[in-house]
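Next comes entry-v6.pdb, a file with PDB, C-alpha atoms.
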```pdb
ATOM      1  CA  MET A 150    -219.127 -54.736-102.643
ATOM      2  CA  TYR A 151    -218.817 -54.307-106.410
ATOM      3  CA  LYS A 152    -218.205 -51.318-108.585
ATOM      4  CA  ALA A 153    -220.326 -51.579-111.711
ATOM      5  CA  LYS A 154    -219.457 -49.894-114.966
ATOM      6  CA  VAL A 155    -222.235 -50.239-117.484
ATOM      7  CA  VAL A 156    -221.906 -49.236-121.114
ATOM      8  CA  ILE A 157    -225.205 -48.529-122.871
ATOM      9  CA  LYS A 158    -224.814 -48.902-126.613
ATOM     10  CA  ARG A 159    -227.247 -47.980-129.309
ATOM     11  CA  LYS A 160    -227.955 -51.050-131.440
ATOM     12  CA  LYS A 161    -225.878 -51.176-134.630
ATOM     13  CA  SER A 162    -229.000 -51.029-136.800
ATOM     14  CA  ILE A 163    -230.027 -47.693-135.289
ATOM     15  CA  LEU A 164    -228.728 -44.428-136.649
ATOM     16  CA  ASP A 165    -226.628 -42.530-134.122
ATOM     17  CA  PRO A 166    -227.106 -38.852-135.048
ATOM     18  CA  GLN A 167    -224.574 -37.704-132.422
ATOM     19  CA  GLY A 168    -221.971 -40.126-133.725
ATOM     20  CA  LYS A 169    -222.669 -38.929-137.280
ATOM     21  CA  ALA A 170    -222.240 -35.295-136.190
ATOM     22  CA  ALA A 171    -218.923 -36.110-134.476
ATOM     23  CA  GLU A 172    -217.782 -37.980-137.574
ATOM     24  CA  HIS A 173    -218.646 -34.971-139.709
ATOM     25  CA  GLY A 174    -216.649 -32.800-137.266
ATOM     26  CA  ALA A 175    -213.670 -35.103-137.683
ATOM     27  CA  VAL A 176    -213.808 -34.544-141.441
ATOM     28  CA  LEU A 177    -213.965 -30.773-140.918
ATOM     29  CA  LEU A 178    -210.906 -30.989-138.653
ATOM     30  CA  GLY A 179    -208.998 -32.763-141.379
ATOM     31  CA  PHE A 180    -208.939 -36.286-139.927
ATOM     32  CA  LYS A 181    -208.917 -38.685-142.831
ATOM     33  CA  ASN A 182    -208.814 -41.999-140.989
ATOM     34  CA  ILE A 183    -211.709 -41.696-138.532
ATOM     35  CA  THR A 184    -214.935 -43.516-139.421
ATOM     36  CA  ASN A 185    -217.862 -45.303-137.746
ATOM     37  CA  VAL A 186    -218.107 -42.970-134.732
ATOM     38  CA  ARG A 187    -220.676 -44.186-132.186
ATOM     39  CA  ILE A 188    -221.441 -42.287-128.988
ATOM     40  CA  ASP A 189    -222.393 -44.517-126.063
ATOM     41  CA  LYS A 190    -223.246 -43.865-122.416
ATOM     42  CA  GLN A 191    -221.304 -45.129-119.419
ATOM     43  CA  VAL A 192    -222.927 -45.368-115.999
ATOM     44  CA  GLU A 193    -220.997 -46.172-112.818
ATOM     45  CA  PHE A 194    -222.366 -47.178-109.444
ATOM     46  CA  LEU A 195    -221.751 -49.398-106.412
ATOM     47  CA  VAL A 196    -223.604 -52.616-105.634
ATOM     48  CA  ASN A 197    -223.628 -53.512-101.990
ATOM     49  CA  VAL A 198    -223.592 -57.327-102.175
ATOM     50  CA  SER A 199    -220.828 -59.862-101.535
ATOM     51  CA  ASP A 200    -221.166 -62.293-104.437
ATOM     52  CA  GLU A 201    -220.745 -61.568-108.118
ATOM     53  CA  GLU A 202    -223.756 -63.507-109.356
ATOM     54  CA  THR A 203    -226.198 -61.512-107.225
ATOM     55  CA  ALA A 204    -224.470 -58.271-108.241
ATOM     56  CA  ARG A 205    -224.683 -59.138-111.925
ATOM     57  CA  GLY A 206    -228.349 -60.105-111.640
ATOM     58  CA  GLU A 207    -229.273 -56.865-109.936
ATOM     59  CA  VAL A 208    -227.279 -54.705-112.356
ATOM     60  CA  SER A 209    -228.802 -56.484-115.321
ATOM     61  CA  GLU A 210    -232.318 -55.889-114.020
ATOM     62  CA  PHE A 211    -231.556 -52.203-113.331
ATOM     63  CA  CYS A 212    -230.229 -51.890-116.897
ATOM     64  CA  SER A 213    -233.236 -53.471-118.557
ATOM     65  CA  LYS A 214    -235.823 -51.678-116.427
ATOM     66  CA  LEU A 215    -234.392 -48.174-116.460
ATOM     67  CA  LEU A 216    -230.898 -47.460-117.775
ATOM     68  CA  SER A 217    -231.485 -48.834-121.267
ATOM     69  CA  ASN A 218    -234.389 -49.132-123.661
ATOM     70  CA  PRO A 219    -234.317 -52.692-125.026
ATOM     71  CA  SER A 220    -235.937 -51.623-128.290
ATOM     72  CA  MET A 221    -232.949 -49.460-129.228
ATOM     73  CA  GLU A 222    -230.049 -50.197-126.891
ATOM     74  CA  ASP A 223    -227.850 -53.048-125.648
ATOM     75  CA  PHE A 224    -225.714 -52.949-122.520
ATOM     76  CA  GLU A 225    -222.424 -54.374-121.304
ATOM     77  CA  ILE A 226    -221.742 -54.936-117.618
ATOM     78  CA  ASN A 227    -218.289 -54.764-116.058
ATOM     79  CA  LEU A 228    -217.935 -55.572-112.363
ATOM     80  CA  ASP A 229    -214.895 -54.933-110.133
ATOM     81  CA  LYS A 230    -214.755 -56.298-106.612
ATOM     82  CA  ILE A 231    -213.899 -53.655-104.052
ATOM     83  CA  ASP A 232    -212.131 -54.671-100.862
ATOM     84  CA  GLU A 233    -213.998 -53.350 -97.895
ATOM     85  CA  ALA A 234    -211.458 -52.132 -95.386
TER      86      ALA A 234
ATOM     87  CA  MET B  17    -272.626 -36.655-124.466
ATOM     88  CA  LYS B  18    -270.099 -35.213-122.048
ATOM     89  CA  ARG B  19    -266.930 -37.123-121.211
ATOM     90  CA  LYS B  20    -264.514 -36.760-118.342
ATOM     91  CA  PHE B  21    -260.906 -36.073-119.274
ATOM     92  CA  GLY B  22    -257.858 -36.347-117.006
ATOM     93  CA  VAL B  23    -254.687 -34.461-117.915
ATOM     94  CA  VAL B  24    -251.661 -35.941-116.128
ATOM     95  CA  VAL B  25    -249.210 -33.428-114.671
ATOM     96  CA  PHE B  26    -245.601 -34.587-114.316
ATOM     97  CA  PRO B  27    -242.829 -32.348-113.003
ATOM     98  CA  GLY B  28    -241.751 -30.683-116.249
ATOM     99  CA  SER B  29    -245.030 -31.042-118.172
ATOM    100  CA  ASN B  30    -245.621 -27.800-120.075
ATOM    101  CA  CYS B  31    -248.538 -28.487-122.408
ATOM    102  CA  ASP B  32    -250.872 -29.652-119.650
ATOM    103  CA  HIS B  33    -252.623 -26.268-119.501
ATOM    104  CA  ASP B  34    -253.022 -26.114-123.290
ATOM    105  CA  SER B  35    -254.714 -29.528-123.318
ATOM    106  CA  TYR B  36    -256.853 -28.619-120.301
ATOM    107  CA  HIS B  37    -257.933 -25.357-121.960
ATOM    108  CA  VAL B  38    -259.014 -27.044-125.192
ATOM    109  CA  LEU B  39    -260.933 -29.805-123.424
ATOM    110  CA  LYS B  40    -262.489 -27.738-120.671
ATOM    111  CA  HIS B  41    -263.157 -24.372-122.326
ATOM    112  CA  THR B  42    -263.314 -25.007-126.058
ATOM    113  CA  LEU B  43    -264.988 -28.420-126.035
ATOM    114  CA  GLU B  44    -266.732 -27.854-122.685
ATOM    115  CA  GLN B  45    -265.951 -31.288-121.255
ATOM    116  CA  GLU B  46    -265.424 -32.098-117.599
ATOM    117  CA  THR B  47    -261.637 -31.974-117.222
ATOM    118  CA  VAL B  48    -259.344 -32.505-114.239
ATOM    119  CA  TYR B  49    -255.608 -32.472-113.648
ATOM    120  CA  LEU B  50    -254.100 -35.724-112.332
ATOM    121  CA  TRP B  51    -250.938 -35.314-110.253
ATOM    122  CA  HIS B  52    -248.088 -37.769-111.012
ATOM    123  CA  LYS B  53    -247.855 -38.867-107.369
ATOM    124  CA  ASP B  54    -251.527 -39.842-107.223
ATOM    125  CA  THR B  55    -252.896 -43.195-108.277
ATOM    126  CA  ASP B  56    -256.609 -42.358-108.545
ATOM    127  CA  LEU B  57    -257.753 -41.665-112.115
ATOM    128  CA  GLN B  58    -260.963 -40.106-110.719
ATOM    129  CA  ASN B  59    -263.244 -42.075-113.047
ATOM    130  CA  CYS B  60    -261.978 -40.289-116.133
ATOM    131  CA  ASP B  61    -263.057 -41.640-119.527
ATOM    132  CA  VAL B  62    -259.941 -40.435-121.316
ATOM    133  CA  ILE B  63    -256.411 -39.863-120.002
ATOM    134  CA  ILE B  64    -254.171 -37.297-121.703
ATOM    135  CA  LEU B  65    -250.382 -37.500-121.271
ATOM    136  CA  PRO B  66    -249.318 -33.984-122.248
ATOM    137  CA  GLY B  67    -246.174 -32.566-123.829
ATOM    138  CA  GLY B  68    -243.202 -31.218-121.933
ATOM    139  CA  PHE B  69    -240.020 -32.540-120.401
ATOM    140  CA  SER B  70    -241.120 -34.859-117.611
ATOM    141  CA  TYR B  71    -238.427 -35.280-114.946
ATOM    142  CA  GLY B  72    -236.074 -33.233-117.132
ATOM    143  CA  ASP B  73    -236.121 -36.098-119.669
ATOM    144  CA  TYR B  74    -233.163 -37.542-117.744
ATOM    145  CA  ILE B  75    -231.806 -40.957-118.828
ATOM    146  CA  ARG B  76    -234.138 -40.946-121.853
ATOM    147  CA  THR B  77    -237.319 -39.046-122.677
ATOM    148  CA  GLY B  78    -240.169 -40.560-120.669
ATOM    149  CA  ALA B  79    -237.907 -43.090-118.918
ATOM    150  CA  VAL B  80    -238.469 -41.755-115.398
ATOM    151  CA  ALA B  81    -242.080 -40.689-115.949
ATOM    152  CA  LYS B  82    -243.045 -44.293-116.677
ATOM    153  CA  LEU B  83    -242.114 -45.170-113.081
ATOM    154  CA  SER B  84    -244.356 -42.561-111.418
ATOM    155  CA  PRO B  85    -247.321 -43.799-109.343
ATOM    156  CA  ILE B  86    -249.966 -42.421-111.729
ATOM    157  CA  MET B  87    -248.479 -44.424-114.603
ATOM    158  CA  ASN B  88    -249.206 -47.726-112.876
ATOM    159  CA  SER B  89    -252.872 -46.731-112.889
ATOM    160  CA  VAL B  90    -252.691 -45.455-116.474
ATOM    161  CA  ILE B  91    -251.102 -48.715-117.681
ATOM    162  CA  ASP B  92    -253.758 -50.703-115.857
ATOM    163  CA  PHE B  93    -256.513 -48.477-117.303
ATOM    164  CA  ALA B  94    -255.112 -48.845-120.850
ATOM    165  CA  ASN B  95    -254.799 -52.614-120.532
ATOM    166  CA  LYS B  96    -258.482 -52.747-119.594
ATOM    167  CA  GLY B  97    -259.395 -50.816-122.746
ATOM    168  CA  GLY B  98    -259.360 -47.251-121.381
ATOM    169  CA  VAL B  99    -258.552 -44.488-123.875
ATOM    170  CA  VAL B 100    -255.105 -42.923-123.416
ATOM    171  CA  PHE B 101    -253.747 -40.193-125.685
ATOM    172  CA  GLY B 102    -250.093 -39.163-125.427
ATOM    173  CA  ILE B 103    -248.923 -35.997-127.140
ATOM    174  CA  CYS B 104    -245.191 -35.351-127.732
ATOM    175  CA  ASN B 105    -243.580 -36.185-124.368
ATOM    176  CA  GLY B 106    -246.754 -38.186-123.681
ATOM    177  CA  PHE B 107    -246.030 -40.287-126.790
ATOM    178  CA  GLN B 108    -242.457 -40.824-125.532
ATOM    179  CA  ILE B 109    -243.792 -41.942-122.138
ATOM    180  CA  LEU B 110    -246.181 -44.399-123.833
ATOM    181  CA  THR B 111    -243.360 -46.062-125.804
ATOM    182  CA  GLU B 112    -241.160 -46.222-122.682
ATOM    183  CA  SER B 113    -244.054 -47.788-120.750
ATOM    184  CA  GLY B 114    -244.503 -50.420-123.420
ATOM    185  CA  LEU B 115    -248.072 -49.305-124.187
ATOM    186  CA  LEU B 116    -246.990 -48.385-127.712
ATOM    187  CA  PRO B 117    -244.300 -50.086-129.807
ATOM    188  CA  GLY B 118    -241.070 -48.490-131.023
ATOM    189  CA  THR B 119    -239.143 -45.577-129.615
ATOM    190  CA  LEU B 120    -238.411 -41.896-130.229
ATOM    191  CA  ILE B 121    -234.767 -41.038-130.722
ATOM    192  CA  LYS B 122    -232.906 -37.775-131.367
ATOM    193  CA  ASN B 123    -233.969 -35.856-134.453
ATOM    194  CA  ARG B 124    -232.001 -36.726-137.569
ATOM    195  CA  ASP B 125    -230.173 -33.380-137.660
ATOM    196  CA  LEU B 126    -229.793 -33.140-133.844
ATOM    197  CA  LYS B 127    -231.759 -29.879-133.746
ATOM    198  CA  PHE B 128    -234.808 -29.062-131.673
ATOM    199  CA  VAL B 129    -237.556 -28.546-134.267
ATOM    200  CA  CYS B 130    -240.247 -25.989-133.447
ATOM    201  CA  LYS B 131    -242.541 -25.087-136.344
ATOM    202  CA  ASP B 132    -245.918 -25.618-137.972
ATOM    203  CA  ILE B 133    -246.003 -28.711-140.156
ATOM    204  CA  PHE B 134    -248.653 -30.866-141.817
ATOM    205  CA  VAL B 135    -249.710 -34.393-140.985
ATOM    206  CA  THR B 136    -251.976 -36.596-143.057
ATOM    207  CA  ALA B 137    -254.274 -39.209-141.586
ATOM    208  CA  VAL B 138    -253.337 -42.534-143.178
ATOM    209  CA  ASN B 139    -255.834 -44.537-141.157
ATOM    210  CA  GLU B 140    -259.254 -42.931-141.346
ATOM    211  CA  ASP B 141    -260.892 -45.474-139.142
ATOM    212  CA  SER B 142    -259.358 -44.683-135.748
ATOM    213  CA  LEU B 143    -261.011 -42.876-132.865
ATOM    214  CA  LEU B 144    -258.850 -39.806-133.580
ATOM    215  CA  THR B 145    -259.351 -39.711-137.341
ATOM    216  CA  LYS B 146    -262.791 -41.126-138.131
ATOM    217  CA  SER B 147    -264.568 -37.783-138.170
ATOM    218  CA  LEU B 148    -261.883 -35.453-139.508
ATOM    219  CA  GLU B 149    -263.253 -32.848-141.924
ATOM    220  CA  LYS B 150    -260.076 -33.126-143.975
ATOM    221  CA  LYS B 151    -257.223 -35.630-144.071
ATOM    222  CA  THR B 152    -254.316 -33.189-143.943
ATOM    223  CA  LEU B 153    -254.001 -31.013-140.858
ATOM    224  CA  LEU B 154    -251.737 -28.194-139.785
ATOM    225  CA  THR B 155    -250.228 -28.970-136.371
ATOM    226  CA  PRO B 156    -247.150 -27.544-134.673
ATOM    227  CA  VAL B 157    -244.206 -29.724-133.658
ATOM    228  CA  ALA B 158    -241.752 -28.826-130.879
ATOM    229  CA  HIS B 159    -239.301 -31.576-129.997
ATOM    230  CA  GLY B 160    -235.684 -32.671-129.975
ATOM    231  CA  GLU B 161    -236.426 -36.377-129.816
ATOM    232  CA  GLY B 162    -239.257 -37.101-132.191
ATOM    233  CA  ASN B 163    -237.506 -39.408-134.613
ATOM    234  CA  TYR B 164    -239.763 -42.469-134.513
ATOM    235  CA  PHE B 165    -237.827 -45.690-134.896
ATOM    236  CA  THR B 166    -238.649 -49.349-134.744
ATOM    237  CA  ASP B 167    -237.250 -52.588-136.164
ATOM    238  CA  ASP B 168    -238.525 -54.031-139.458
ATOM    239  CA  GLU B 169    -240.645 -56.676-137.796
ATOM    240  CA  THR B 170    -242.521 -54.150-135.637
ATOM    241  CA  LEU B 171    -242.897 -51.812-138.603
ATOM    242  CA  GLN B 172    -244.481 -54.563-140.660
ATOM    243  CA  SER B 173    -246.803 -55.409-137.805
ATOM    244  CA  LEU B 174    -247.795 -51.711-137.445
ATOM    245  CA  GLU B 175    -248.611 -51.574-141.147
ATOM    246  CA  LYS B 176    -250.429 -54.879-141.227
ATOM    247  CA  ASN B 177    -252.635 -53.941-138.276
ATOM    248  CA  ASN B 178    -253.295 -50.427-139.568
ATOM    249  CA  GLN B 179    -251.728 -48.883-136.451
ATOM    250  CA  ILE B 180    -250.054 -45.946-138.194
ATOM    251  CA  ILE B 181    -252.518 -43.075-137.990
ATOM    252  CA  PHE B 182    -250.580 -39.938-138.995
ATOM    253  CA  LYS B 183    -247.643 -39.327-141.325
ATOM    254  CA  TYR B 184    -245.705 -36.102-141.937
ATOM    255  CA  SER B 185    -246.736 -34.663-145.291
ATOM    256  CA  SER B 186    -246.936 -31.532-147.436
ATOM    257  CA  SER B 187    -249.972 -29.246-147.188
ATOM    258  CA  LYS B 188    -251.400 -31.234-150.110
ATOM    259  CA  GLY B 189    -250.983 -34.552-148.322
ATOM    260  CA  GLU B 190    -247.929 -35.764-150.248
ATOM    261  CA  ILE B 191    -245.791 -37.934-147.994
ATOM    262  CA  SER B 192    -242.105 -37.471-148.771
ATOM    263  CA  ASP B 193    -238.765 -37.150-147.025
ATOM    264  CA  ALA B 194    -238.766 -33.391-147.688
ATOM    265  CA  CYS B 195    -241.762 -33.074-145.318
ATOM    266  CA  ASN B 196    -240.186 -35.193-142.584
ATOM    267  CA  PRO B 197    -239.078 -32.815-139.793
ATOM    268  CA  ASN B 198    -237.113 -35.318-137.704
ATOM    269  CA  GLY B 199    -236.158 -38.399-139.716
ATOM    270  CA  SER B 200    -238.969 -40.637-138.460
ATOM    271  CA  ILE B 201    -239.064 -43.990-140.205
ATOM    272  CA  HIS B 202    -241.707 -43.960-143.001
ATOM    273  CA  ASN B 203    -242.620 -40.356-141.970
ATOM    274  CA  ILE B 204    -244.523 -41.724-138.964
ATOM    275  CA  ALA B 205    -245.989 -38.927-136.806
ATOM    276  CA  GLY B 206    -248.571 -40.874-134.803
ATOM    277  CA  ILE B 207    -249.552 -44.458-134.046
ATOM    278  CA  MET B 208    -251.992 -46.446-131.946
ATOM    279  CA  ASN B 209    -251.888 -49.825-130.230
ATOM    280  CA  LYS B 210    -253.403 -52.934-131.770
ATOM    281  CA  ALA B 211    -256.594 -52.650-129.743
ATOM    282  CA  GLY B 212    -257.107 -49.046-130.889
ATOM    283  CA  ASN B 213    -257.424 -47.432-127.441
ATOM    284  CA  VAL B 214    -253.902 -46.038-126.880
ATOM    285  CA  PHE B 215    -252.666 -43.228-129.136
ATOM    286  CA  GLY B 216    -249.412 -41.321-129.427
ATOM    287  CA  MET B 217    -248.352 -38.492-131.709
ATOM    288  CA  MET B 218    -245.429 -36.054-131.762
ATOM    289  CA  PRO B 219    -247.287 -33.014-133.212
ATOM    290  CA  HIS B 220    -249.375 -30.879-130.866
ATOM    291  CA  PRO B 221    -253.063 -30.734-131.865
ATOM    292  CA  GLU B 222    -253.802 -28.807-128.646
ATOM    293  CA  ARG B 223    -251.656 -25.943-129.959
ATOM    294  CA  SER B 224    -253.765 -25.599-133.100
ATOM    295  CA  SER B 225    -257.186 -25.776-131.510
ATOM    296  CA  ASP B 226    -258.061 -22.175-130.742
ATOM    297  CA  ARG B 227    -259.367 -19.558-133.174
ATOM    298  CA  LEU B 228    -257.454 -16.853-131.313
ATOM    299  CA  LEU B 229    -254.224 -18.577-132.355
ATOM    300  CA  GLY B 230    -255.321 -18.535-135.980
ATOM    301  CA  LYS B 231    -255.240 -22.301-136.430
ATOM    302  CA  THR B 232    -257.865 -24.843-135.522
ATOM    303  CA  ASP B 233    -257.035 -28.051-137.414
ATOM    304  CA  GLY B 234    -255.950 -29.785-134.207
ATOM    305  CA  LEU B 235    -259.410 -29.387-132.706
ATOM    306  CA  GLN B 236    -260.764 -31.844-135.285
ATOM    307  CA  ILE B 237    -258.713 -34.613-133.666
ATOM    308  CA  PHE B 238    -260.245 -33.996-130.220
ATOM    309  CA  GLU B 239    -263.718 -33.642-131.783
ATOM    310  CA  SER B 240    -263.276 -36.949-133.591
ATOM    311  CA  LEU B 241    -262.285 -38.615-130.319
ATOM    312  CA  LEU B 242    -265.378 -37.235-128.603
ATOM    313  CA  LYS B 243    -267.747 -38.088-131.419
ATOM    314  CA  ASN B 244    -266.601 -41.685-131.765
ATOM    315  CA  PHE B 245    -266.003 -42.495-128.119
ATOM    316  CA  ILE B 246    -267.826 -45.606-126.988
ATOM    317  CA  ASN B 247    -267.726 -46.745-123.377
TER     318      ASN B 247
END
```

Before anything else, please render the file you have as structure tokens.
Amino acid sequence: MYKAKVVIKRKKSILDPQGKAAEHGAVLLGFKNITNVRIDKQVEFLVNVSDEETARGEVSEFCSKLLSNPSMEDFEINLDKIDEA
Amino acid sequence: MKRKFGVVVFPGSNCDHDSYHVLKHTLEQETVYLWHKDTDLQNCDVIILPGGFSYGDYIRTGAVAKLSPIMNSVIDFANKGGVVFGICNGFQILTESGLLPGTLIKNRDLKFVCKDIFVTAVNEDSLLTKSLEKKTLLTPVAHGEGNYFTDDETLQSLEKNNQIIFKYSSSKGEISDACNPNGSIHNIAGIMNKAGNVFGMMPHPERSSDRLLGKTDGLQIFESLLKNFIN
């Protein structure tokens, strides 16, 4: 079994209004060194297969069909093998 | 000639009754509701995807709605040339389904915008705009994610193929950033597909289609659709 952690990131070319708002908040709080704030999404779930290639394929398909919108987002997949006791 | 309209009802749709009322009672067309779990489009000539918050807008607006059984039939219908009109959440569902290009992201200032605005028809040759009595129409908007975005290549293709039908404007039809309620690229408020049978717009013409509400500009859009509809 694998634990998947997927990070859905808005493409760099797309304005991130939430990131902009957080950046503005940082200025209001007096932070002078914080720039380029981007707010992403992280999704975690389990994949009940024994080999990494199958897990990665399934996660990738799930990401492109539902978790992300390819016209505005990219995704990164991280897989951790879980020992089944 | 009478047409048959189908208004799709998703869990969380909230403008389905407004659309039904305009089509059935004001325009006196045969109109039925189509439940999201059904697959039969009941021989409708036109499918309306209404406004609201389908499936709570979880994941992204329209992302779960596109997977419902009725949408398989709607996509099939649209690909065969059937007329589909998505309003607000319906527009979001159409972009998620891939029936219309681009996407609708959070409004520029992160606020839910709910007010009367003006849109100007920039393509006067579409089913929805061919018979408008005037180019600039008052229509309400009510959305948090209406900021139309697409990459440069798609934008150029939309322009080249005359697919942009409405832009946010002043009451006099001037298109400027000051009249843009949500940050949409090039003030885009509504588009259609290349074939000209699938339409999406963020403003709500069904909410400005009844004399009792004191505004009727939106009705012109539905009347244009009816007048120019060809089987």

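For the atom pair formed by atom CA of Ser29 of chain B and atom CA of Ser70 of chain B, the distance is 5.5 Å, given to one decimal.
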
**OP:** Figure out the distance between atom CA of Lys96 of chain B and atom CA of Phe238 of chain B, please, to one decimal in Å.
**Re:** 21.6 Å

Original post:
Near segment 36-45 of chain B, counting all atoms listed in the file, which residues have an atom at most 9 Å away, once you skip same-chain residues fewer than 5 positions from it, shown as a VMD selection string?
Top reply: chain B and resid 18 to 23 31 222 to 223 225 to 226 235 238 to 239

Original post:
When the PyMOL selection byres ((chain A and resi 175-191) around 6) is applied to the file above, which residues end up in the set, as a PyMOL selection string?
Top reply: chain A and resi 155-158+168+172-174+192

**OP:** Please identify every residue of chain A that has at least one atom no more than 8 Å from any atom of chain B, counting only C-alpha atoms, and report them as a VMD selection string.
**Re:** chain A and resid 166 to 167 215 to 216 218 220 to 221
